[in-house]
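Trainee: Handing you this structure, nothing more for now.
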Amino acid sequence: MNFELKPLSLASAAKTSTDTLIVLISKHFKAGHDPLSTLIEKALQAKDLSTQPGNLLNAYALPGVKASKVLLVGVGDAKALDLKLAVNAAVAVLKTSKSANAVVVFAEPTSAEALQATVLTLADASYVYTRTKSNPVPRHLKQVTLGLVKVSSPLAQAFAKSVAMVQGIEFAKEWANRPANHATPSMLAKAAQTLAKDRAVSCEVLGPQEVAKLGMRSFMAVAQGSAEPLRFIVLKYQGAAKTQAPTVLVGKGITFDSGGISLKPGLEMDEMKFDMGGAASVMGVFKSLSLLKPAVNVVGLIPACENMPDGNAIKPGDVVTSMSGQTIEILNTDAEGRLILCDALTYAERFKPKAVIDIATLTGACVIALGAVRSGLFATDDDLAEALQKAGDEALDLCWRMPLDDAYADTLKSNFADVANVGGRPGGAIIGAKFLHRFAKNYPWAHLDIAATAWKGGAAKGATGRPVGLLLNYVLSLEASGKSKVVAKS
Ligand code: BES
Ligand code: MN
Ligand code: ZN
């Protein structure tokens with residue numbers, strides 16, 4: 001999808017030719033002396049239109065307006081959430097009218113957060129998955145021009161950032177949506193390698209032998225029940241001096257989670273193809289970084305494998321030695337995410353990172369705790385937690401901090417190893433985080449449990465691209481405040 005930004009008054013918007021003209025009207029609307037203003041004022045007075053976010057008047061062949069289809073849409077206070085509501089309503093109409101292009105004009109001066117929410121929602125609401133359909137109906141909406149009263153430089157920057165964020169989100173959605181037989185660990189690694197076509201990004205892929213040499217026995221244990229060979233993907237984005245410590249993003253890359261010998265029930269097991277949502281989000285962030293070129297250093301680590309039950313599979317009670325040297329009793333083979341992440345967290349130490357953030361569809365318990373509105377956030381550093389929460393707020397990609405008291409680790413005690421991979425059911429998301437915490441002692445660390453937020457089930461089944469927005473905003477916030485220029489390279 002192609003976005004363009006330009007200065008556009010309501011008077012000039014009326015003269016623009018496009019499939020559909022969308023006018024966003026806040027409650028502060030003041031009519032000018034142009035045909036659209038007059039119409040809007042009339043409609044508001046007649047109460048055929050309100051400025052309530054999402055309220056919509058679908059008009060046709062308006063006098064003085066070149067576009068035959070016109071949507072007048074209320075955006076209330078024009079806060080980010082208002083625009084999300086309003087733009088979702090507008091795109092639903094665009095879908096029925098099959099518009100290929102649209103001009104979206106803000107009737108009043110607007111904010112960077114409103115502009116970003118508009119771009120993100122236009123893209124999100126019009127996205128379609130086509131990859132494995134024989135006769136796909138592609139995305140109708142191909143081109144959107146955003147019109148602002150005045151294009152200031154902060155707004156142009158917010159626009160460039162939003163467009164790059166969309167590219168990252170869509171990269172993540174695409175890979176998370178692909179069925180497990182179309183997104184094996186090897187395929188995921190190839191996708192990561194395509195990101196390294198950009199000169200600021202490099203990608204190294206390790207296979208079973210290299211991983212064995214590193215001593216990642218916990219990661220290897222999960223992969224051993226599958227016919228697909230594991231991959232360990234190392235992505236690097238260098239935008240600042242080599243001497244600057246990187247932020248490390250670790251993404252859980254279970255391309256299919258059957259549960260292993262602790263087999264999952266059949267219902268909705270297909271959704272376990274999304275269990276590499278963390279990995280997909282890390283790759284998505286790299287996509288955005290390659291477009292924006294911020295002055296930061298970022299490393300992406302993706303342990304990728306399937307969790308399957310065959311004759312070689314790990315069994316409940318097996319004990320493995322992780323790369324850290326800690327031994328783990330695998331009481332439940334379905335708690336596999338932590339088994340692959342713990343070795344990646346140990347590997348992360350070699351980068352002497354500023355911070356390490358892992359992103360994982362880790363626990364069903366987090367789905368119960370927070371639902372699909374906010375991802376679970378765990379952090380050993382208050383500043384890091386605060387920055388991540390803020391980054392999420394700004395991207396409408398919310399998270400909520402959860403505790404890490406040591407007492408939550410009590411049930412992880414094992415009679416046969418240093419630690420067990422499962423504890424009790426109460427507080428399961430926190431117990432999962434406490435397991436990871438043992439391997440993340442040597443740097444500021446955060447863990448995002450995206451089990452509920454990475455994808456939607458039911459009729460709207462599909463990946464959300466979360467938390468690319470949160471992570472990208474966080475990484476961009478690290479750019480030295482003096483030189484925060486954000487310029488998109490197309
Ligand atoms: N990938 C799942 C977590 C999951 C479950 C995400 C449902 C989204 C929806 C993870 O590997 C898992 O199976 N976790 C277990 C852990 C338990 C055995 C301690 C779970 O949540 O049931
Ligand atoms: Mn599992
Ligand atoms: Zn899993």
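In the structure tokens, chains take letters A, B, ... by order of appearance, with residues numbered from 1 within each chain and ligands from 1 in the order shown.
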Go through chain A and flag each residue having an atom no more than 8 Å from ligand 1; for those, report the closest pair of atoms plus their distance in Å to one decimal, using only C-alpha atoms and all ligand atoms, ordered by chain and rising number, as CSV.
Mentor:
residue,atom,partner,partner_atom_place_in_ligand_line,distance
A:Ile254,CA,ligand 1,1 (N),7.9
A:Asp257,CA,ligand 1,1 (N),6.1
A:Gly259,CA,ligand 1,13 (O),6.0
A:Lys264,CA,ligand 1,13 (O),7.6
A:Glu271,CA,ligand 1,9 (C),7.8
A:Met272,CA,ligand 1,1 (N),6.5
A:Asp275,CA,ligand 1,1 (N),5.4
A:Asn332,CA,ligand 1,18 (C),5.7
A:Thr333,CA,ligand 1,18 (C),7.3
A:Asp334,CA,ligand 1,13 (O),4.5
A:Ala335,CA,ligand 1,16 (C),4.3
A:Glu336,CA,ligand 1,11 (O),5.3
A:Gly337,CA,ligand 1,11 (O),5.1
A:Arg338,CA,ligand 1,11 (O),8.0
A:Thr361,CA,ligand 1,6 (C),4.9
A:Leu362,CA,ligand 1,3 (C),4.6
A:Thr363,CA,ligand 1,21 (O),3.6
A:Gly364,CA,ligand 1,21 (O),3.5
A:Ala365,CA,ligand 1,21 (O),5.5
A:Cys366,CA,ligand 1,21 (O),7.8
A:Val367,CA,ligand 1,9 (C),6.8
A:Asn421,CA,ligand 1,19 (C),7.6
A:Val422,CA,ligand 1,19 (C),5.0
A:Gly423,CA,ligand 1,19 (C),6.8
A:Gly424,CA,ligand 1,19 (C),7.7
A:Arg425,CA,ligand 1,19 (C),7.0
A:Gly428,CA,ligand 1,19 (C),6.4
A:Ala429,CA,ligand 1,21 (O),7.7
A:Gly432,CA,ligand 1,19 (C),7.1
A:Ile450,CA,ligand 1,6 (C),7.8
A:Ala451,CA,ligand 1,8 (C),4.2
A:Ala452,CA,ligand 1,8 (C),6.0
Trainee: Run DSSP on the backbone and give me the residues of region 51-208 of chain A it puts in helix (DSSP H, G or I), as a PyMOL selection string.
Mentor: chain A and resi 80-97+112-126+153-177+180-182+185-195+208
Trainee: Quick one: pull the distance between CA of Phe435 (chain A) and CA of Leu478 (chain A), Å, one decimal.
Mentor: 28.0 Å
Trainee: Need to verify the contact set: region 389-394 of chain A, 10 Å, only C-alpha atoms, exclusion of same-chain residues closer than 6 positions in sequence. Can you return it as a ChimeraX atom specification?
Mentor: /A:80,113,116-117,374-375,377,383,400-401,466-477
Trainee: I need the chosen residues saved as a PDB file, in the first residue's frame, with N, CA and C atoms.
Mentor:
ATOM      1  N   ALA A  80      -5.707   9.645  19.172  1.00  0.00           N
ATOM      2  CA  ALA A  80      -5.341   8.453  18.400  1.00  0.00           C
ATOM      3  C   ALA A  80      -6.472   7.413  18.363  1.00  0.00           C
ATOM      4  N   GLU A 113       0.217  12.241  16.601  1.00  0.00           N
ATOM      5  CA  GLU A 113      -0.371  10.969  17.049  1.00  0.00           C
ATOM      6  C   GLU A 113      -1.625  10.629  16.247  1.00  0.00           C
ATOM      7  N   GLN A 116      -0.428   9.407  12.816  1.00  0.00           N
ATOM      8  CA  GLN A 116       0.094   8.038  12.916  1.00  0.00           C
ATOM      9  C   GLN A 116      -1.040   7.020  13.055  1.00  0.00           C
ATOM     10  N   ALA A 117      -2.002   7.328  13.911  1.00  0.00           N
ATOM     11  CA  ALA A 117      -3.119   6.400  14.099  1.00  0.00           C
ATOM     12  C   ALA A 117      -3.888   6.223  12.792  1.00  0.00           C
ATOM     13  N   ARG A 374      -3.904  -5.703  26.093  1.00  0.00           N
ATOM     14  CA  ARG A 374      -2.523  -5.370  26.429  1.00  0.00           C
ATOM     15  C   ARG A 374      -1.653  -6.616  26.501  1.00  0.00           C
ATOM     16  N   SER A 375      -0.431  -6.502  25.971  1.00  0.00           N
ATOM     17  CA  SER A 375       0.557  -7.558  26.140  1.00  0.00           C
ATOM     18  C   SER A 375       1.073  -7.502  27.570  1.00  0.00           C
ATOM     19  N   LEU A 377       3.898  -7.230  30.234  1.00  0.00           N
ATOM     20  CA  LEU A 377       5.263  -6.684  30.275  1.00  0.00           C
ATOM     21  C   LEU A 377       5.895  -7.030  31.616  1.00  0.00           C
ATOM     22  N   ASP A 383      13.172   1.990  34.454  1.00  0.00           N
ATOM     23  CA  ASP A 383      13.230   2.908  33.320  1.00  0.00           C
ATOM     24  C   ASP A 383      12.864   2.200  32.019  1.00  0.00           C
ATOM     25  N   TRP A 400       1.127  -3.948  29.695  1.00  0.00           N
ATOM     26  CA  TRP A 400       0.855  -3.690  31.109  1.00  0.00           C
ATOM     27  C   TRP A 400       1.861  -4.434  31.962  1.00  0.00           C
ATOM     28  N   ARG A 401       2.469  -3.700  32.903  1.00  0.00           N
ATOM     29  CA  ARG A 401       3.534  -4.331  33.680  1.00  0.00           C
ATOM     30  C   ARG A 401       3.002  -5.330  34.701  1.00  0.00           C
ATOM     31  N   ARG A 466       1.513  -7.140  16.057  1.00  0.00           N
ATOM     32  CA  ARG A 466       1.979  -6.644  17.350  1.00  0.00           C
ATOM     33  C   ARG A 466       3.101  -7.543  17.867  1.00  0.00           C
ATOM     34  N   PRO A 467       4.086  -6.987  18.622  1.00  0.00           N
ATOM     35  CA  PRO A 467       4.224  -5.597  19.036  1.00  0.00           C
ATOM     36  C   PRO A 467       5.278  -4.822  18.233  1.00  0.00           C
ATOM     37  N   VAL A 468       5.203  -4.888  16.904  1.00  0.00           N
ATOM     38  CA  VAL A 468       6.181  -4.150  16.095  1.00  0.00           C
ATOM     39  C   VAL A 468       6.128  -2.649  16.415  1.00  0.00           C
ATOM     40  N   GLY A 469       4.913  -2.114  16.513  1.00  0.00           N
ATOM     41  CA  GLY A 469       4.774  -0.670  16.772  1.00  0.00           C
ATOM     42  C   GLY A 469       5.431  -0.270  18.083  1.00  0.00           C
ATOM     43  N   LEU A 470       5.138  -1.048  19.131  1.00  0.00           N
ATOM     44  CA  LEU A 470       5.728  -0.782  20.449  1.00  0.00           C
ATOM     45  C   LEU A 470       7.258  -0.835  20.377  1.00  0.00           C
ATOM     46  N   LEU A 471       7.781  -1.903  19.809  1.00  0.00           N
ATOM     47  CA  LEU A 471       9.239  -2.104  19.783  1.00  0.00           C
ATOM     48  C   LEU A 471       9.931  -1.042  18.936  1.00  0.00           C
ATOM     49  N   LEU A 472       9.334  -0.730  17.798  1.00  0.00           N
ATOM     50  CA  LEU A 472       9.960   0.266  16.927  1.00  0.00           C
ATOM     51  C   LEU A 472       9.986   1.629  17.628  1.00  0.00           C
ATOM     52  N   ASN A 473       8.866   2.000  18.225  1.00  0.00           N
ATOM     53  CA  ASN A 473       8.835   3.272  18.958  1.00  0.00           C
ATOM     54  C   ASN A 473       9.881   3.292  20.058  1.00  0.00           C
ATOM     55  N   TYR A 474      10.025   2.169  20.752  1.00  0.00           N
ATOM     56  CA  TYR A 474      11.028   2.111  21.824  1.00  0.00           C
ATOM     57  C   TYR A 474      12.431   2.311  21.261  1.00  0.00           C
ATOM     58  N   VAL A 475      12.760   1.589  20.221  1.00  0.00           N
ATOM     59  CA  VAL A 475      14.103   1.678  19.649  1.00  0.00           C
ATOM     60  C   VAL A 475      14.370   3.099  19.138  1.00  0.00           C
ATOM     61  N   LEU A 476      13.359   3.683  18.509  1.00  0.00           N
ATOM     62  CA  LEU A 476      13.538   5.049  17.989  1.00  0.00           C
ATOM     63  C   LEU A 476      13.727   6.056  19.123  1.00  0.00           C
ATOM     64  N   SER A 477      13.118   5.764  20.277  1.00  0.00           N
ATOM     65  CA  SER A 477      13.240   6.680  21.416  1.00  0.00           C
ATOM     66  C   SER A 477      14.665   6.694  21.963  1.00  0.00           C
TER      67      SER A 477
END
Trainee: With only C-alpha atoms as the counted atoms, please give the residues lying no more than 6 Å from region 278-290 of chain A, apart from itself and same-chain residues fewer than 2 positions off, as a VMD selection string.
Mentor: chain A and resid 164 to 165 168 to 169 171 to 172 176 251 to 253 276 292 to 293 302 359 to 360 468 472
Trainee: Near Ala241 (chain A), counting only C-alpha atoms, which residues have an atom at most 10 Å away, once you skip same-chain residues fewer than 6 positions from it, shown as a PDB file with N, CA, C and O atoms, in the first residue's frame?
Mentor:
ATOM      1  N   ALA A 295      19.818   6.299  14.185  1.00  0.00           N
ATOM      2  CA  ALA A 295      21.178   6.159  14.710  1.00  0.00           C
ATOM      3  C   ALA A 295      21.181   5.334  15.991  1.00  0.00           C
ATOM      4  O   ALA A 295      21.419   5.839  17.095  1.00  0.00           O
ATOM      5  N   VAL A 296      20.885   4.048  15.859  1.00  0.00           N
ATOM      6  CA  VAL A 296      20.879   3.123  17.001  1.00  0.00           C
ATOM      7  C   VAL A 296      21.467   1.796  16.530  1.00  0.00           C
ATOM      8  O   VAL A 296      21.547   1.551  15.325  1.00  0.00           O
ATOM      9  N   ASN A 297      21.873   0.965  17.472  1.00  0.00           N
ATOM     10  CA  ASN A 297      22.313  -0.392  17.131  1.00  0.00           C
ATOM     11  C   ASN A 297      21.326  -1.395  17.734  1.00  0.00           C
ATOM     12  O   ASN A 297      20.959  -1.275  18.911  1.00  0.00           O
TER      13      ASN A 297
END
Trainee: In terms of the shortest atom-to-atom distance over only C-alpha atoms and all ligand atoms, which of A:Ala344, A:Met216, A:Leu36, A:Val222 is closest to ligand 3?
Mentor: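 That would be A:Val222, the residue with the smallest distance to ligand 3.
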Trainee: Could you name the residues that touch Thr145 (chain A) at 6 Å or less, counting only C-alpha atoms, but leaving out those on the same chain fewer than 3 positions away, as a PyMOL selection string?
Mentor: chain A and resi 3-5+103
Trainee: DSSP on the backbone, then: every residue of region 67-217 of chain A marked strand (DSSP E), written as a list in words.
Mentor: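 Filtering region 67-217 of chain A to strand (DSSP E) leaves Lys69, Val70, Leu71, Leu72, Val73, Gly74, Asn101, Ala102, Val103, Val104, Val105, Phe106, Gln143, Val144, Thr145, Leu146, Gly147, Leu148, Val201, Ser202, Cys203, Glu204, Val205 and Leu206 of chain A.
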Trainee: Please write the residues from the selection above to a file, keeping N, CA and C atoms, as a short mmCIF file (atom, residue, chain, number, x, y, z; two decimals), in the first residue's frame.
Mentor:
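Saved file part-v2.cif follows:
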data_model
loop_
_atom_site.label_atom_id
_atom_site.label_comp_id
_atom_site.auth_asym_id
_atom_site.auth_seq_id
_atom_site.Cartn_x
_atom_site.Cartn_y
_atom_site.Cartn_z
N LYS A 69 -17.54 9.70 -4.83
CA LYS A 69 -17.86 9.13 -3.51
C LYS A 69 -17.18 9.95 -2.42
N VAL A 70 -17.96 10.37 -1.46
CA VAL A 70 -17.42 11.18 -0.38
C VAL A 70 -17.89 10.60 0.96
N LEU A 71 -16.93 10.41 1.86
CA LEU A 71 -17.29 9.96 3.22
C LEU A 71 -16.97 11.09 4.19
N LEU A 72 -17.97 11.54 4.89
CA LEU A 72 -17.73 12.52 5.96
C LEU A 72 -17.70 11.72 7.26
N VAL A 73 -16.60 11.83 7.97
CA VAL A 73 -16.41 10.97 9.15
C VAL A 73 -16.07 11.79 10.38
N GLY A 74 -16.81 11.58 11.46
CA GLY A 74 -16.53 12.25 12.72
C GLY A 74 -15.30 11.65 13.38
N ASN A 101 -8.16 3.77 -4.60
CA ASN A 101 -7.42 4.89 -4.02
C ASN A 101 -8.35 5.83 -3.28
N ALA A 102 -7.77 6.58 -2.38
CA ALA A 102 -8.56 7.49 -1.57
C ALA A 102 -7.73 8.69 -1.16
N VAL A 103 -8.40 9.80 -0.99
CA VAL A 103 -7.77 10.97 -0.38
C VAL A 103 -8.40 11.13 0.99
N VAL A 104 -7.57 11.18 2.01
CA VAL A 104 -8.07 11.35 3.38
C VAL A 104 -7.62 12.73 3.85
N VAL A 105 -8.57 13.59 4.07
CA VAL A 105 -8.20 14.96 4.41
C VAL A 105 -8.67 15.31 5.83
N PHE A 106 -7.77 15.91 6.59
CA PHE A 106 -8.11 16.39 7.93
C PHE A 106 -8.70 17.79 7.78
N GLN A 143 -3.67 2.94 -2.80
CA GLN A 143 -3.01 4.25 -2.74
C GLN A 143 -3.84 5.21 -1.89
N VAL A 144 -3.20 5.80 -0.91
CA VAL A 144 -3.90 6.79 -0.08
C VAL A 144 -3.08 8.08 -0.01
N THR A 145 -3.74 9.17 -0.30
CA THR A 145 -3.11 10.47 -0.11
C THR A 145 -3.68 11.09 1.14
N LEU A 146 -2.80 11.46 2.06
CA LEU A 146 -3.27 12.13 3.28
C LEU A 146 -3.10 13.62 3.11
N GLY A 147 -4.15 14.33 3.33
CA GLY A 147 -4.11 15.78 3.15
C GLY A 147 -4.18 16.49 4.49
N LEU A 148 -3.21 17.38 4.71
CA LEU A 148 -3.18 18.16 5.95
C LEU A 148 -3.30 19.64 5.61
N VAL A 201 21.87 -3.71 7.50
CA VAL A 201 21.42 -4.93 8.18
C VAL A 201 22.30 -6.11 7.76
N SER A 202 22.69 -6.92 8.74
CA SER A 202 23.37 -8.16 8.39
C SER A 202 22.63 -9.32 9.05
N CYS A 203 22.80 -10.49 8.49
CA CYS A 203 22.07 -11.65 9.01
C CYS A 203 22.96 -12.88 8.95
N GLU A 204 23.02 -13.57 10.07
CA GLU A 204 23.80 -14.80 10.15
C GLU A 204 22.82 -15.89 10.59
N VAL A 205 22.91 -17.05 9.94
CA VAL A 205 22.00 -18.14 10.31
C VAL A 205 22.81 -19.34 10.77
N LEU A 206 22.55 -19.79 11.99
CA LEU A 206 23.23 -20.97 12.52
C LEU A 206 22.31 -22.18 12.40
#
Trainee: Choose the residue, out of A:Ile340, A:Ala369, A:Ala463, A:Pro353, that has the smallest atom-to-atom separation from ligand 2; count only C-alpha atoms and all ligand atoms.
Mentor: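 Result for the nearest residue to ligand 2: A:Ile340.
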Trainee: Rank A:Ser218, A:Ser17, A:Asn177, A:Thr110 by their smallest atom-to-atom distance to Thr130 (chain A), using only C-alpha atoms, and report the top residue only.
Mentor: A:Asn177
Trainee: So what do you get for CA of Tyr408 (chain A) versus CA of Asp343 (chain A), distance-wise?
Mentor: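 Pair CA of Tyr408 (chain A) / CA of Asp343 (chain A) returns 21.4 Å.
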Trainee: With only C-alpha atoms as the atoms that count, which of A:Pro179, A:Pro7, A:Pro246, A:Gly317 lies nearest to Ser414 (chain A)?
Mentor: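 With only C-alpha atoms as the atom set, the closest residue is A:Gly317.
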